[in-house]
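Text of entry.cif, listed as mmCIF, C-alpha atoms; chains and numbers go by the auth columns:
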data_query
#
loop_
_atom_site.group_PDB
_atom_site.id
_atom_site.type_symbol
_atom_site.label_atom_id
_atom_site.label_comp_id
_atom_site.label_asym_id
_atom_site.label_seq_id
_atom_site.Cartn_x
_atom_site.Cartn_y
_atom_site.Cartn_z
_atom_site.B_iso_or_equiv
_atom_site.auth_seq_id
_atom_site.auth_asym_id
ATOM 1 C CA GLY A 1 25.534 218.033 25.468 0.00 215 K
ATOM 2 C CA GLU A 2 26.096 215.435 22.816 0.00 216 K
ATOM 3 C CA ASP A 3 27.203 216.566 19.376 0.00 217 K
ATOM 4 C CA VAL A 4 26.498 214.186 16.527 0.00 218 K
ATOM 5 C CA GLU A 5 27.968 214.721 13.049 0.00 219 K
ATOM 6 C CA GLN A 6 27.054 213.151 9.717 0.00 220 K
ATOM 7 C CA SER A 7 27.985 213.624 6.099 0.00 221 K
ATOM 8 C CA LEU A 8 25.168 214.993 3.965 0.00 222 K
ATOM 9 C CA PHE A 9 24.605 213.138 0.715 0.00 223 K
ATOM 10 C CA LEU A 10 25.205 209.751 -0.842 0.00 224 K
ATOM 11 C CA SER A 11 24.111 208.347 -4.178 0.00 225 K
ATOM 12 C CA VAL A 12 24.321 204.639 -4.811 0.00 226 K
ATOM 13 C CA ARG A 13 23.289 202.274 -7.593 0.00 227 K
ATOM 14 C CA GLU A 14 20.560 199.781 -6.903 0.00 228 K
ATOM 15 C CA GLY A 15 22.053 196.510 -5.755 0.00 229 K
ATOM 16 C CA ASP A 16 25.263 198.074 -4.440 0.00 230 K
ATOM 17 C CA SER A 17 26.091 198.532 -0.778 0.00 231 K
ATOM 18 C CA SER A 18 25.845 201.929 0.849 0.00 232 K
ATOM 19 C CA VAL A 19 27.681 203.081 3.948 0.00 233 K
ATOM 20 C CA ILE A 20 26.691 206.041 6.077 0.00 234 K
ATOM 21 C CA ASN A 21 28.967 207.392 8.766 0.00 235 K
ATOM 22 C CA CYS A 22 28.408 209.282 11.965 0.00 236 K
ATOM 23 C CA THR A 23 30.590 210.575 14.773 0.00 237 K
ATOM 24 C CA TYR A 24 29.539 211.506 18.263 0.00 238 K
ATOM 25 C CA THR A 25 31.224 213.187 21.185 0.00 239 K
ATOM 26 C CA ASP A 26 29.793 211.789 24.390 0.00 240 K
ATOM 27 C CA SER A 27 31.428 208.460 25.199 0.00 241 K
ATOM 28 C CA SER A 28 28.866 207.761 27.891 0.00 242 K
ATOM 29 C CA SER A 29 26.057 207.302 25.343 0.00 243 K
ATOM 30 C CA THR A 30 24.808 203.823 26.097 0.00 244 K
ATOM 31 C CA TYR A 31 22.659 203.434 23.003 0.00 245 K
ATOM 32 C CA LEU A 32 23.196 204.598 19.455 0.00 246 K
ATOM 33 C CA TYR A 33 20.429 204.473 16.886 0.00 247 K
ATOM 34 C CA TRP A 34 19.816 204.724 13.181 0.00 248 K
ATOM 35 C CA TYR A 35 16.564 206.249 12.022 0.00 249 K
ATOM 36 C CA LYS A 36 15.123 206.505 8.514 0.00 250 K
ATOM 37 C CA GLN A 37 12.955 209.394 7.355 0.00 251 K
ATOM 38 C CA GLU A 38 11.068 209.217 4.103 0.00 252 K
ATOM 39 C CA PRO A 39 9.835 212.452 2.478 0.00 253 K
ATOM 40 C CA GLY A 40 7.225 214.251 4.535 0.00 254 K
ATOM 41 C CA ALA A 41 7.140 211.549 7.180 0.00 255 K
ATOM 42 C CA GLY A 42 8.297 210.998 10.718 0.00 256 K
ATOM 43 C CA LEU A 43 11.245 208.904 11.761 0.00 257 K
ATOM 44 C CA GLN A 44 11.329 205.147 11.744 0.00 258 K
ATOM 45 C CA LEU A 45 13.787 203.305 13.957 0.00 259 K
ATOM 46 C CA LEU A 46 15.887 201.017 11.769 0.00 260 K
ATOM 47 C CA THR A 47 18.285 199.549 14.242 0.00 261 K
ATOM 48 C CA TYR A 48 20.285 200.342 17.329 0.00 262 K
ATOM 49 C CA ILE A 49 23.457 199.195 19.010 0.00 263 K
ATOM 50 C CA PHE A 50 24.383 199.039 22.640 0.00 264 K
ATOM 51 C CA SER A 51 27.653 200.733 23.477 0.00 265 K
ATOM 52 C CA ASN A 52 29.401 197.547 24.580 0.00 266 K
ATOM 53 C CA MET A 53 28.940 196.000 21.134 0.00 267 K
ATOM 54 C CA ASP A 54 31.218 196.411 18.122 0.00 268 K
ATOM 55 C CA MET A 55 28.866 195.169 15.471 0.00 269 K
ATOM 56 C CA LYS A 56 25.259 194.312 14.950 0.00 270 K
ATOM 57 C CA GLN A 57 23.711 192.737 11.888 0.00 271 K
ATOM 58 C CA ASP A 58 20.026 192.851 11.119 0.00 272 K
ATOM 59 C CA GLN A 59 19.116 191.424 7.708 0.00 273 K
ATOM 60 C CA ARG A 60 20.537 193.890 5.148 0.00 274 K
ATOM 61 C CA LEU A 61 21.719 196.301 7.817 0.00 275 K
ATOM 62 C CA THR A 62 25.078 196.165 9.545 0.00 276 K
ATOM 63 C CA VAL A 63 25.996 198.616 12.270 0.00 277 K
ATOM 64 C CA LEU A 64 29.630 199.068 13.227 0.00 278 K
ATOM 65 C CA LEU A 65 30.669 200.916 16.358 0.00 279 K
ATOM 66 C CA ASN A 66 34.193 202.122 17.046 0.00 280 K
ATOM 67 C CA LYS A 67 33.954 203.359 20.582 0.00 281 K
ATOM 68 C CA LYS A 68 37.555 204.511 20.706 0.00 282 K
ATOM 69 C CA ASP A 69 37.028 206.871 17.778 0.00 283 K
ATOM 70 C CA LYS A 70 33.358 207.516 18.638 0.00 284 K
ATOM 71 C CA HIS A 71 32.439 206.468 15.127 0.00 285 K
ATOM 72 C CA LEU A 72 29.245 204.752 14.061 0.00 286 K
ATOM 73 C CA SER A 73 28.408 203.446 10.614 0.00 287 K
ATOM 74 C CA LEU A 74 25.447 201.867 8.897 0.00 288 K
ATOM 75 C CA ARG A 75 25.926 199.585 5.935 0.00 289 K
ATOM 76 C CA ILE A 76 22.965 198.724 3.751 0.00 290 K
ATOM 77 C CA ALA A 77 23.573 195.682 1.598 0.00 291 K
ATOM 78 C CA ASP A 78 21.856 195.237 -1.771 0.00 292 K
ATOM 79 C CA THR A 79 20.475 198.770 -1.653 0.00 293 K
ATOM 80 C CA GLN A 80 16.996 199.073 -3.113 0.00 294 K
ATOM 81 C CA THR A 81 14.999 202.032 -4.395 0.00 295 K
ATOM 82 C CA GLY A 82 12.868 201.890 -1.256 0.00 296 K
ATOM 83 C CA ASP A 83 15.990 202.703 0.734 0.00 297 K
ATOM 84 C CA SER A 84 16.042 206.227 -0.692 0.00 298 K
ATOM 85 C CA ALA A 85 15.525 208.432 2.361 0.00 299 K
ATOM 86 C CA ILE A 86 17.310 210.546 4.914 0.00 300 K
ATOM 87 C CA TYR A 87 19.130 208.577 7.576 0.00 301 K
ATOM 88 C CA PHE A 88 19.772 210.004 11.007 0.00 302 K
ATOM 89 C CA CYS A 89 22.056 208.625 13.613 0.00 303 K
ATOM 90 C CA ALA A 90 21.167 209.452 17.185 0.00 304 K
ATOM 91 C CA ALA A 91 22.902 209.089 20.506 0.00 305 K
ATOM 92 C CA TRP A 92 21.225 208.556 23.833 0.00 306 K
ATOM 93 C CA GLU A 93 21.971 211.530 26.064 0.00 307 K
ATOM 94 C CA GLY A 94 20.291 210.167 29.127 0.00 308 K
ATOM 95 C CA ASN A 95 17.186 211.564 30.788 0.00 309 K
ATOM 96 C CA ASN A 96 15.088 210.292 27.863 0.00 310 K
ATOM 97 C CA ARG A 97 16.824 212.579 25.393 0.00 311 K
ATOM 98 C CA LEU A 98 18.221 211.834 21.968 0.00 312 K
ATOM 99 C CA ALA A 99 20.831 213.887 20.115 0.00 313 K
ATOM 100 C CA PHE A 100 20.402 213.612 16.344 0.00 314 K
ATOM 101 C CA GLY A 101 22.928 214.071 13.599 0.00 315 K
ATOM 102 C CA LYS A 102 22.125 216.354 10.681 0.00 316 K
ATOM 103 C CA GLY A 103 21.099 213.437 8.525 0.00 317 K
ATOM 104 C CA ASN A 104 22.468 211.827 5.416 0.00 318 K
ATOM 105 C CA GLN A 105 20.347 211.765 2.284 0.00 319 K
ATOM 106 C CA VAL A 106 20.669 208.527 0.350 0.00 320 K
ATOM 107 C CA VAL A 107 19.533 208.465 -3.255 0.00 321 K
ATOM 108 C CA VAL A 108 19.320 205.082 -4.923 0.00 322 K
ATOM 109 C CA ILE A 109 19.769 205.139 -8.673 0.00 323 K
ATOM 110 C CA PRO A 110 17.884 202.371 -10.503 0.00 324 K
ATOM 111 C CA GLY B 1 1.947 198.206 17.649 0.00 141 M
ATOM 112 C CA ALA B 2 3.470 201.408 19.038 0.00 142 M
ATOM 113 C CA VAL B 3 1.829 203.799 16.603 0.00 143 M
ATOM 114 C CA VAL B 4 1.923 207.545 17.112 0.00 144 M
ATOM 115 C CA SER B 5 -0.395 209.799 15.148 0.00 145 M
ATOM 116 C CA GLN B 6 -0.402 213.534 14.634 0.00 146 M
ATOM 117 C CA HIS B 7 -3.218 215.795 13.621 0.00 147 M
ATOM 118 C CA PRO B 8 -3.373 217.715 11.423 0.00 148 M
ATOM 119 C CA SER B 9 -0.787 216.444 8.964 0.00 149 M
ATOM 120 C CA TRP B 10 -0.531 219.915 7.503 0.00 150 M
ATOM 121 C CA VAL B 11 -1.970 223.324 8.283 0.00 151 M
ATOM 122 C CA ILE B 12 -1.817 226.749 6.694 0.00 152 M
ATOM 123 C CA CYS B 13 -2.735 229.722 8.827 0.00 153 M
ATOM 124 C CA LYS B 14 -2.581 233.480 8.819 0.00 154 M
ATOM 125 C CA SER B 15 0.009 235.360 10.795 0.00 155 M
ATOM 126 C CA GLY B 16 -1.201 236.126 14.309 0.00 156 M
ATOM 127 C CA THR B 17 -3.468 233.128 14.689 0.00 157 M
ATOM 128 C CA SER B 18 -2.898 230.158 16.984 0.00 158 M
ATOM 129 C CA VAL B 19 -2.560 226.595 15.810 0.00 159 M
ATOM 130 C CA LYS B 20 -2.966 223.426 17.864 0.00 160 M
ATOM 131 C CA ILE B 21 -1.224 220.194 16.902 0.00 161 M
ATOM 132 C CA GLU B 22 -2.203 216.905 18.527 0.00 162 M
ATOM 133 C CA CYS B 23 0.048 213.937 19.175 0.00 163 M
ATOM 134 C CA ARG B 24 -1.566 210.643 20.150 0.00 164 M
ATOM 135 C CA SER B 25 -0.167 207.279 21.078 0.00 165 M
ATOM 136 C CA LEU B 26 -2.729 204.925 19.567 0.00 166 M
ATOM 137 C CA ASP B 27 -1.961 201.584 21.163 0.00 167 M
ATOM 138 C CA PHE B 28 0.169 202.333 24.176 0.00 168 M
ATOM 139 C CA GLN B 29 0.374 204.703 27.081 0.00 169 M
ATOM 140 C CA ALA B 30 3.126 207.285 27.074 0.00 170 M
ATOM 141 C CA THR B 31 4.169 209.085 30.211 0.00 171 M
ATOM 142 C CA THR B 32 6.721 211.029 28.201 0.00 172 M
ATOM 143 C CA MET B 33 6.305 212.663 24.827 0.00 173 M
ATOM 144 C CA PHE B 34 8.689 214.904 22.960 0.00 174 M
ATOM 145 C CA TRP B 35 8.162 217.732 20.505 0.00 175 M
ATOM 146 C CA TYR B 36 10.720 218.367 17.787 0.00 176 M
ATOM 147 C CA ARG B 37 11.031 220.946 15.088 0.00 177 M
ATOM 148 C CA GLN B 38 12.681 220.215 11.781 0.00 178 M
ATOM 149 C CA PHE B 39 13.709 222.791 9.200 0.00 179 M
ATOM 150 C CA PRO B 40 14.159 221.735 5.559 0.00 180 M
ATOM 151 C CA LYS B 41 17.181 219.518 5.057 0.00 181 M
ATOM 152 C CA GLN B 42 18.123 219.811 8.696 0.00 182 M
ATOM 153 C CA SER B 43 18.067 217.621 11.729 0.00 183 M
ATOM 154 C CA LEU B 44 15.470 217.429 14.454 0.00 184 M
ATOM 155 C CA MET B 45 15.689 220.038 17.150 0.00 185 M
ATOM 156 C CA LEU B 46 14.187 219.056 20.475 0.00 186 M
ATOM 157 C CA MET B 47 11.803 221.759 21.639 0.00 187 M
ATOM 158 C CA ALA B 48 10.397 220.295 24.820 0.00 188 M
ATOM 159 C CA THR B 49 9.753 217.194 26.854 0.00 189 M
ATOM 160 C CA SER B 50 6.148 216.681 27.815 0.00 190 M
ATOM 161 C CA ASN B 51 5.319 214.660 30.913 0.00 191 M
ATOM 162 C CA GLU B 52 1.807 213.530 31.673 0.00 192 M
ATOM 163 C CA GLY B 53 0.247 215.530 34.470 0.00 193 M
ATOM 164 C CA SER B 54 3.079 217.997 34.867 0.00 194 M
ATOM 165 C CA LYS B 55 4.548 221.006 33.150 0.00 195 M
ATOM 166 C CA ALA B 56 6.634 220.532 30.065 0.00 196 M
ATOM 167 C CA THR B 57 10.384 220.986 30.178 0.00 197 M
ATOM 168 C CA TYR B 58 11.523 223.360 27.449 0.00 198 M
ATOM 169 C CA GLU B 59 14.907 223.422 25.780 0.00 199 M
ATOM 170 C CA GLN B 60 17.024 226.502 25.973 0.00 200 M
ATOM 171 C CA GLY B 61 15.895 229.127 23.506 0.00 201 M
ATOM 172 C CA VAL B 62 12.365 227.773 23.096 0.00 202 M
ATOM 173 C CA GLU B 63 9.723 230.235 24.237 0.00 203 M
ATOM 174 C CA LYS B 64 7.305 228.454 26.539 0.00 204 M
ATOM 175 C CA ASP B 65 4.676 231.158 26.143 0.00 205 M
ATOM 176 C CA LYS B 66 4.774 230.806 22.402 0.00 206 M
ATOM 177 C CA PHE B 67 4.792 227.020 22.225 0.00 207 M
ATOM 178 C CA LEU B 68 2.232 225.827 24.745 0.00 208 M
ATOM 179 C CA ILE B 69 2.395 222.129 25.550 0.00 209 M
ATOM 180 C CA ASN B 70 -0.272 220.188 27.356 0.00 210 M
ATOM 181 C CA HIS B 71 -0.017 216.485 28.222 0.00 211 M
ATOM 182 C CA ALA B 72 -3.389 215.893 29.818 0.00 212 M
ATOM 183 C CA SER B 73 -3.562 212.138 29.415 0.00 213 M
ATOM 184 C CA LEU B 74 -1.286 209.161 28.883 0.00 214 M
ATOM 185 C CA THR B 75 -2.151 209.081 25.192 0.00 215 M
ATOM 186 C CA LEU B 76 -2.379 212.730 24.171 0.00 216 M
ATOM 187 C CA SER B 77 -0.060 215.703 24.080 0.00 217 M
ATOM 188 C CA THR B 78 -0.832 218.958 22.315 0.00 218 M
ATOM 189 C CA LEU B 79 1.414 221.713 21.022 0.00 219 M
ATOM 190 C CA THR B 80 -0.176 225.114 20.472 0.00 220 M
ATOM 191 C CA VAL B 81 1.767 227.658 18.462 0.00 221 M
ATOM 192 C CA THR B 82 0.395 230.960 19.691 0.00 222 M
ATOM 193 C CA SER B 83 0.342 234.112 17.580 0.00 223 M
ATOM 194 C CA ALA B 84 2.087 232.283 14.768 0.00 224 M
ATOM 195 C CA HIS B 85 4.454 234.154 12.472 0.00 225 M
ATOM 196 C CA PRO B 86 6.052 233.104 9.170 0.00 226 M
ATOM 197 C CA GLU B 87 9.283 232.176 10.966 0.00 227 M
ATOM 198 C CA ASP B 88 7.311 229.521 12.872 0.00 228 M
ATOM 199 C CA SER B 89 6.693 227.687 9.602 0.00 229 M
ATOM 200 C CA SER B 90 8.318 224.306 10.007 0.00 230 M
ATOM 201 C CA PHE B 91 7.790 220.565 10.288 0.00 231 M
ATOM 202 C CA TYR B 92 6.780 219.631 13.821 0.00 232 M
ATOM 203 C CA ILE B 93 7.288 216.039 14.920 0.00 233 M
ATOM 204 C CA CYS B 94 6.293 214.404 18.166 0.00 234 M
ATOM 205 C CA SER B 95 7.544 211.183 19.670 0.00 235 M
ATOM 206 C CA ALA B 96 6.559 209.044 22.619 0.00 236 M
ATOM 207 C CA ILE B 97 8.167 206.535 24.933 0.00 237 M
ATOM 208 C CA PRO B 98 5.931 203.641 25.966 0.00 238 M
ATOM 209 C CA HIS B 99 4.970 203.477 29.611 0.00 239 M
ATOM 210 C CA ILE B 100 5.934 199.822 29.643 0.00 240 M
ATOM 211 C CA ARG B 101 9.337 199.387 28.051 0.00 241 M
ATOM 212 C CA ASP B 102 9.099 196.011 26.464 0.00 242 M
ATOM 213 C CA ARG B 103 10.916 197.071 23.335 0.00 243 M
ATOM 214 C CA VAL B 104 14.242 198.610 22.490 0.00 244 M
ATOM 215 C CA GLN B 105 15.602 200.348 25.522 0.00 245 M
ATOM 216 C CA ASN B 106 14.475 203.941 25.536 0.00 246 M
ATOM 217 C CA GLU B 107 13.064 203.681 22.030 0.00 247 M
ATOM 218 C CA GLN B 108 11.069 206.668 20.924 0.00 248 M
ATOM 219 C CA PHE B 109 8.194 206.180 18.502 0.00 249 M
ATOM 220 C CA PHE B 110 7.703 209.071 16.144 0.00 250 M
ATOM 221 C CA GLY B 111 4.597 210.591 14.694 0.00 251 M
ATOM 222 C CA PRO B 112 4.385 211.351 10.973 0.00 252 M
ATOM 223 C CA GLY B 113 4.841 215.072 11.536 0.00 253 M
ATOM 224 C CA THR B 114 2.780 218.211 10.937 0.00 254 M
ATOM 225 C CA ARG B 115 3.762 220.727 8.297 0.00 255 M
ATOM 226 C CA LEU B 116 2.893 224.241 9.493 0.00 256 M
ATOM 227 C CA THR B 117 2.907 227.118 7.025 0.00 257 M
ATOM 228 C CA VAL B 118 2.226 230.584 8.345 0.00 258 M
ATOM 229 C CA LEU B 119 1.326 233.174 5.714 0.00 259 M
#

Could I get this structure in the form of C-alpha coordinates?
Amino acid sequence: GEDVEQSLFLSVREGDSSVINCTYTDSSSTYLYWYKQEPGAGLQLLTYIFSNMDMKQDQRLTVLLNKKDKHLSLRIADTQTGDSAIYFCAAWEGNNRLAFGKGNQVVVIP
Amino acid sequence: GAVVSQHPSWVICKSGTSVKIECRSLDFQATTMFWYRQFPKQSLMLMATSNEGSKATYEQGVEKDKFLINHASLTLSTLTVTSAHPEDSSFYICSAIPHIRDRVQNEQFFGPGTRLTVL
(Lines of atoms letter the chains of each structure in order from A and count residues from 1; the text may use other names and numbers.)
(Lines give C-alpha, C1' and ligand atoms only; values in the text may rest on other atoms or scores of the structure.)
Protein backbone atom coordinates (compact mmCIF):
# COMPACT_ATOMS: atom_id res chain seq x y z
CA GLY A 1 0.00 0.00 0.00
CA GLU A 2 0.89 3.65 -0.07
CA ASP A 3 3.41 4.95 2.43
CA VAL A 4 3.28 8.65 3.16
CA GLU A 5 6.01 10.40 5.17
CA GLN A 6 6.06 13.82 6.81
CA SER A 7 8.34 15.75 9.11
CA LEU A 8 6.90 16.31 12.57
CA PHE A 9 7.17 19.87 13.83
CA LEU A 10 7.50 23.40 12.53
CA SER A 11 7.43 26.71 14.36
CA VAL A 12 7.00 29.91 12.41
CA ARG A 13 6.55 33.58 13.25
CA GLU A 14 3.26 35.22 12.44
CA GLY A 15 3.43 36.84 9.03
CA ASP A 16 6.20 34.56 7.74
CA SER A 17 5.70 31.77 5.24
CA SER A 18 5.66 28.17 6.34
CA VAL A 19 6.43 25.14 4.20
CA ILE A 20 5.44 21.59 5.03
CA ASN A 21 6.80 18.66 3.10
CA CYS A 22 5.56 15.19 2.37
CA THR A 23 6.78 12.22 0.36
CA TYR A 24 4.76 9.33 -0.93
CA THR A 25 5.59 6.03 -2.57
CA ASP A 26 2.80 5.11 -4.94
CA SER A 27 3.20 6.98 -8.21
CA SER A 28 -0.26 5.95 -9.33
CA SER A 29 -1.95 8.16 -6.72
CA THR A 30 -4.16 10.39 -8.81
CA TYR A 31 -5.04 12.85 -6.08
CA LEU A 32 -2.98 14.24 -3.24
CA TYR A 33 -4.55 16.21 -0.42
CA TRP A 34 -3.68 18.47 2.45
CA TYR A 35 -5.83 18.31 5.55
CA LYS A 36 -5.77 20.51 8.65
CA GLN A 37 -6.63 19.23 12.12
CA GLU A 38 -7.17 21.62 14.98
CA PRO A 39 -6.94 20.32 18.57
CA GLY A 40 -9.63 17.82 19.43
CA ALA A 41 -11.31 18.15 16.05
CA GLY A 42 -11.70 16.18 12.87
CA LEU A 43 -9.91 16.86 9.63
CA GLN A 44 -10.69 19.71 7.30
CA LEU A 45 -9.72 19.48 3.65
CA LEU A 46 -7.55 22.48 2.80
CA THR A 47 -6.64 21.81 -0.77
CA TYR A 48 -5.80 19.05 -3.19
CA ILE A 49 -3.82 18.59 -6.37
CA PHE A 50 -4.37 16.28 -9.27
CA SER A 51 -1.34 14.22 -10.19
CA ASN A 52 -0.91 15.78 -13.62
CA MET A 53 -0.41 19.23 -12.08
CA ASP A 54 2.85 20.71 -10.81
CA MET A 55 1.43 23.54 -8.80
CA LYS A 56 -1.83 24.79 -7.44
CA GLN A 57 -2.45 28.09 -5.70
CA ASP A 58 -5.46 28.77 -3.54
CA GLN A 59 -5.35 32.14 -1.76
CA ARG A 60 -2.56 31.84 0.84
CA LEU A 61 -1.93 28.19 0.04
CA THR A 62 0.43 26.92 -2.63
CA VAL A 63 0.81 23.23 -3.33
CA LEU A 64 3.84 22.00 -5.25
CA LEU A 65 4.04 18.49 -6.64
CA ASN A 66 7.24 16.87 -7.87
CA LYS A 67 6.01 13.66 -9.36
CA LYS A 68 9.47 12.44 -10.28
CA ASP A 69 10.62 12.60 -6.66
CA LYS A 70 7.14 11.82 -5.26
CA HIS A 71 7.37 14.96 -3.18
CA LEU A 72 4.49 17.19 -2.16
CA SER A 73 4.71 20.48 -0.31
CA LEU A 74 2.31 23.01 1.13
CA ARG A 75 3.31 26.62 1.49
CA ILE A 76 1.25 28.91 3.69
CA ALA A 77 1.90 32.57 2.99
CA ASP A 78 1.49 35.22 5.69
CA THR A 79 1.02 32.57 8.37
CA GLN A 80 -1.51 33.55 11.02
CA THR A 81 -2.15 32.29 14.54
CA GLY A 82 -5.26 30.51 13.28
CA ASP A 83 -3.00 28.38 11.12
CA SER A 84 -1.61 26.64 14.20
CA ALA A 85 -2.70 23.02 13.75
CA ILE A 86 -1.54 19.63 12.58
CA TYR A 87 -1.34 19.26 8.83
CA PHE A 88 -1.70 15.90 7.15
CA CYS A 89 -0.92 15.08 3.60
CA ALA A 90 -2.85 12.19 2.11
CA ALA A 91 -2.60 10.18 -1.06
CA TRP A 92 -5.46 8.54 -2.87
CA GLU A 93 -4.93 4.79 -2.85
CA GLY A 94 -7.88 3.95 -5.00
CA ASN A 95 -10.97 2.04 -3.92
CA ASN A 96 -12.07 5.06 -1.86
CA ARG A 97 -9.07 4.81 0.44
CA LEU A 98 -6.72 7.50 1.66
CA ALA A 99 -3.22 6.96 3.03
CA PHE A 100 -2.27 9.65 5.55
CA GLY A 101 1.12 10.91 6.57
CA LYS A 102 2.00 11.14 10.25
CA GLY A 103 1.20 14.82 10.33
CA ASN A 104 3.21 17.96 10.82
CA GLN A 105 2.44 20.20 13.77
CA VAL A 106 2.70 23.88 12.94
CA VAL A 107 2.99 26.36 15.78
CA VAL A 108 2.64 30.01 14.90
CA ILE A 109 4.44 32.38 17.24
CA PRO A 110 2.78 35.80 17.56
CA GLY B 1 -22.92 21.80 3.15
CA ALA B 2 -21.32 18.37 3.54
CA VAL B 3 -21.35 18.26 7.32
CA VAL B 4 -20.59 15.09 9.24
CA SER B 5 -21.44 14.84 12.92
CA GLN B 6 -20.39 12.35 15.55
CA HIS B 7 -22.03 11.50 18.82
CA PRO B 8 -20.92 11.49 21.52
CA SER B 9 -17.98 13.86 21.27
CA TRP B 10 -16.41 12.17 24.25
CA VAL B 11 -17.21 9.19 26.44
CA ILE B 12 -15.70 7.63 29.53
CA CYS B 13 -16.62 4.06 30.33
CA LYS B 14 -15.62 1.21 32.57
CA SER B 15 -13.58 -1.68 31.30
CA GLY B 16 -15.79 -4.46 29.96
CA THR B 17 -18.66 -2.28 28.84
CA SER B 18 -19.68 -1.56 25.25
CA VAL B 19 -19.76 1.87 23.70
CA LYS B 20 -21.62 2.96 20.57
CA ILE B 21 -20.44 5.90 18.48
CA GLU B 22 -22.67 7.40 15.81
CA CYS B 23 -21.57 9.06 12.59
CA ARG B 24 -24.14 11.03 10.62
CA SER B 25 -24.00 12.87 7.34
CA LEU B 26 -26.29 15.82 8.00
CA ASP B 27 -26.96 17.25 4.56
CA PHE B 28 -25.98 14.57 2.11
CA GLN B 29 -26.32 10.87 1.55
CA ALA B 30 -23.25 8.72 1.95
CA THR B 31 -23.05 5.24 0.53
CA THR B 32 -19.56 4.90 1.96
CA MET B 33 -18.32 5.89 5.38
CA PHE B 34 -14.96 5.23 6.97
CA TRP B 35 -13.88 4.73 10.56
CA TYR B 36 -10.43 5.83 11.65
CA ARG B 37 -8.56 5.61 14.89
CA GLN B 38 -6.02 8.20 15.93
CA PHE B 39 -3.55 7.85 18.78
CA PRO B 40 -2.04 10.98 20.36
CA LYS B 41 0.35 12.77 18.04
CA GLN B 42 -0.08 10.11 15.40
CA SER B 43 -1.75 9.80 12.07
CA LEU B 44 -5.14 8.36 11.26
CA MET B 45 -5.34 4.62 10.97
CA LEU B 46 -8.14 3.31 8.81
CA MET B 47 -10.09 0.68 10.71
CA ALA B 48 -12.87 -0.18 8.30
CA THR B 49 -14.91 0.89 5.33
CA SER B 50 -18.63 0.92 5.92
CA ASN B 51 -20.99 0.49 2.98
CA GLU B 52 -24.69 1.11 3.29
CA GLY B 53 -26.67 -2.11 3.33
CA SER B 54 -23.70 -4.44 3.36
CA LYS B 55 -21.05 -5.71 5.72
CA ALA B 56 -18.14 -3.50 6.58
CA THR B 57 -14.70 -4.19 5.18
CA TYR B 58 -12.12 -4.29 7.95
CA GLU B 59 -8.44 -3.50 7.65
CA GLN B 60 -5.90 -6.11 8.50
CA GLY B 61 -5.40 -6.40 12.23
CA VAL B 62 -8.74 -4.86 13.19
CA GLU B 63 -10.97 -7.27 15.07
CA LYS B 64 -14.41 -7.24 13.49
CA ASP B 65 -16.01 -8.83 16.54
CA LYS B 66 -14.62 -6.14 18.76
CA PHE B 67 -15.41 -3.16 16.55
CA LEU B 68 -18.92 -3.72 15.24
CA ILE B 69 -19.92 -1.46 12.37
CA ASN B 70 -23.44 -0.97 11.13
CA HIS B 71 -24.38 1.25 8.18
CA ALA B 72 -28.14 0.91 8.20
CA SER B 73 -29.01 4.02 6.24
CA LEU B 74 -27.45 6.45 3.79
CA THR B 75 -26.89 8.97 6.57
CA LEU B 76 -25.88 6.90 9.58
CA SER B 77 -23.07 4.54 10.47
CA THR B 78 -22.37 3.28 13.96
CA LEU B 79 -19.23 1.88 15.55
CA THR B 80 -19.68 -0.22 18.68
CA VAL B 81 -16.60 -0.98 20.74
CA THR B 82 -17.53 -4.17 22.53
CA SER B 83 -16.07 -5.18 25.89
CA ALA B 84 -13.89 -2.09 25.89
CA HIS B 85 -10.48 -2.19 27.54
CA PRO B 86 -8.06 0.63 28.41
CA GLU B 87 -6.03 -0.07 25.26
CA ASP B 88 -9.12 0.84 23.21
CA SER B 89 -8.89 4.40 24.52
CA SER B 90 -8.35 6.58 21.49
CA PHE B 91 -9.79 9.26 19.24
CA TYR B 92 -12.22 7.74 16.75
CA ILE B 93 -13.00 9.71 13.60
CA CYS B 94 -15.47 8.90 10.87
CA SER B 95 -15.64 10.27 7.36
CA ALA B 96 -18.10 10.04 4.52
CA ILE B 97 -18.09 10.31 0.75
CA PRO B 98 -21.15 11.99 -0.75
CA HIS B 99 -23.40 9.82 -2.85
CA ILE B 100 -23.38 12.49 -5.53
CA ARG B 101 -19.83 13.60 -6.20
CA ASP B 102 -20.24 17.20 -7.11
CA ARG B 103 -17.20 18.31 -5.16
CA VAL B 104 -13.54 17.45 -5.08
CA GLN B 105 -13.04 14.06 -6.62
CA ASN B 106 -13.23 11.42 -3.94
CA GLU B 107 -13.27 14.00 -1.17
CA GLN B 108 -13.97 12.61 2.25
CA PHE B 109 -15.77 14.76 4.79
CA PHE B 110 -14.68 14.15 8.34
CA GLY B 111 -16.59 14.17 11.57
CA PRO B 112 -15.23 16.03 14.59
CA GLY B 113 -14.18 12.82 16.31
CA THR B 114 -15.09 10.98 19.51
CA ARG B 115 -12.65 10.73 22.38
CA LEU B 116 -13.06 7.36 24.12
CA THR B 117 -11.48 6.79 27.51
CA VAL B 118 -11.78 3.36 29.05
CA LEU B 119 -11.02 3.18 32.77

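With distances restricted to all atoms listed in the file, K:Leu259 is the closest residue to Phe302 in chain K from K:Leu275, K:Ile290, K:Met267, K:Leu259.
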
Could you check which of K:Val233, K:Ile300, K:Ile263, K:Ala255 is closest to chain M, using all atoms listed in the file?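 For chain M, the nearest of the candidates is K:Ala255.
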
Of the residues K:Leu257, K:Ala305, K:Val322, K:Met269, which is the one nearest to chain M, using only C-alpha atoms? K:Leu257

Local residues around (11.1, 208.1, 21.9), at most 12 Å away, using all atoms listed in the file, as a VMD selection string: (chain K and resid 247 249 256 to 259 304 to 306 308 to 313) or (chain M and resid 142 to 144 165 170 to 176 186 189 to 190 233 to 239 241 243 to 251)

I'd like to know which of K:Tyr262, K:Tyr238, K:Tyr245, K:Tyr301 is closest to Asn318 in chain K, using only C-alpha atoms. K:Tyr301

Between CA of Asn266 in chain K and CA of Ser232 in chain K, what is the spacing in Å?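 Separation between CA of Ser232 in chain K and CA of Asn266 in chain K: 24.4 Å.
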
Give as a list of chain:residue names the residues that the PyMOL selection byres ((chain M and resi 153) around 10) matches when applied to the coordinates above.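 Here the PyMOL selection byres ((chain M and resi 153) around 10) matches M:Val151, M:Ile152, M:Lys154, M:Ser155, M:Gly156, M:Thr157, M:Ser158, M:Val159, M:Ala224, M:His225, M:Pro226, M:Ser229, M:Leu256, M:Thr257, M:Val258, M:Leu259.
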
CA of His147 in chain M and CA of Phe314 in chain K are how many Å apart? 23.9 Å
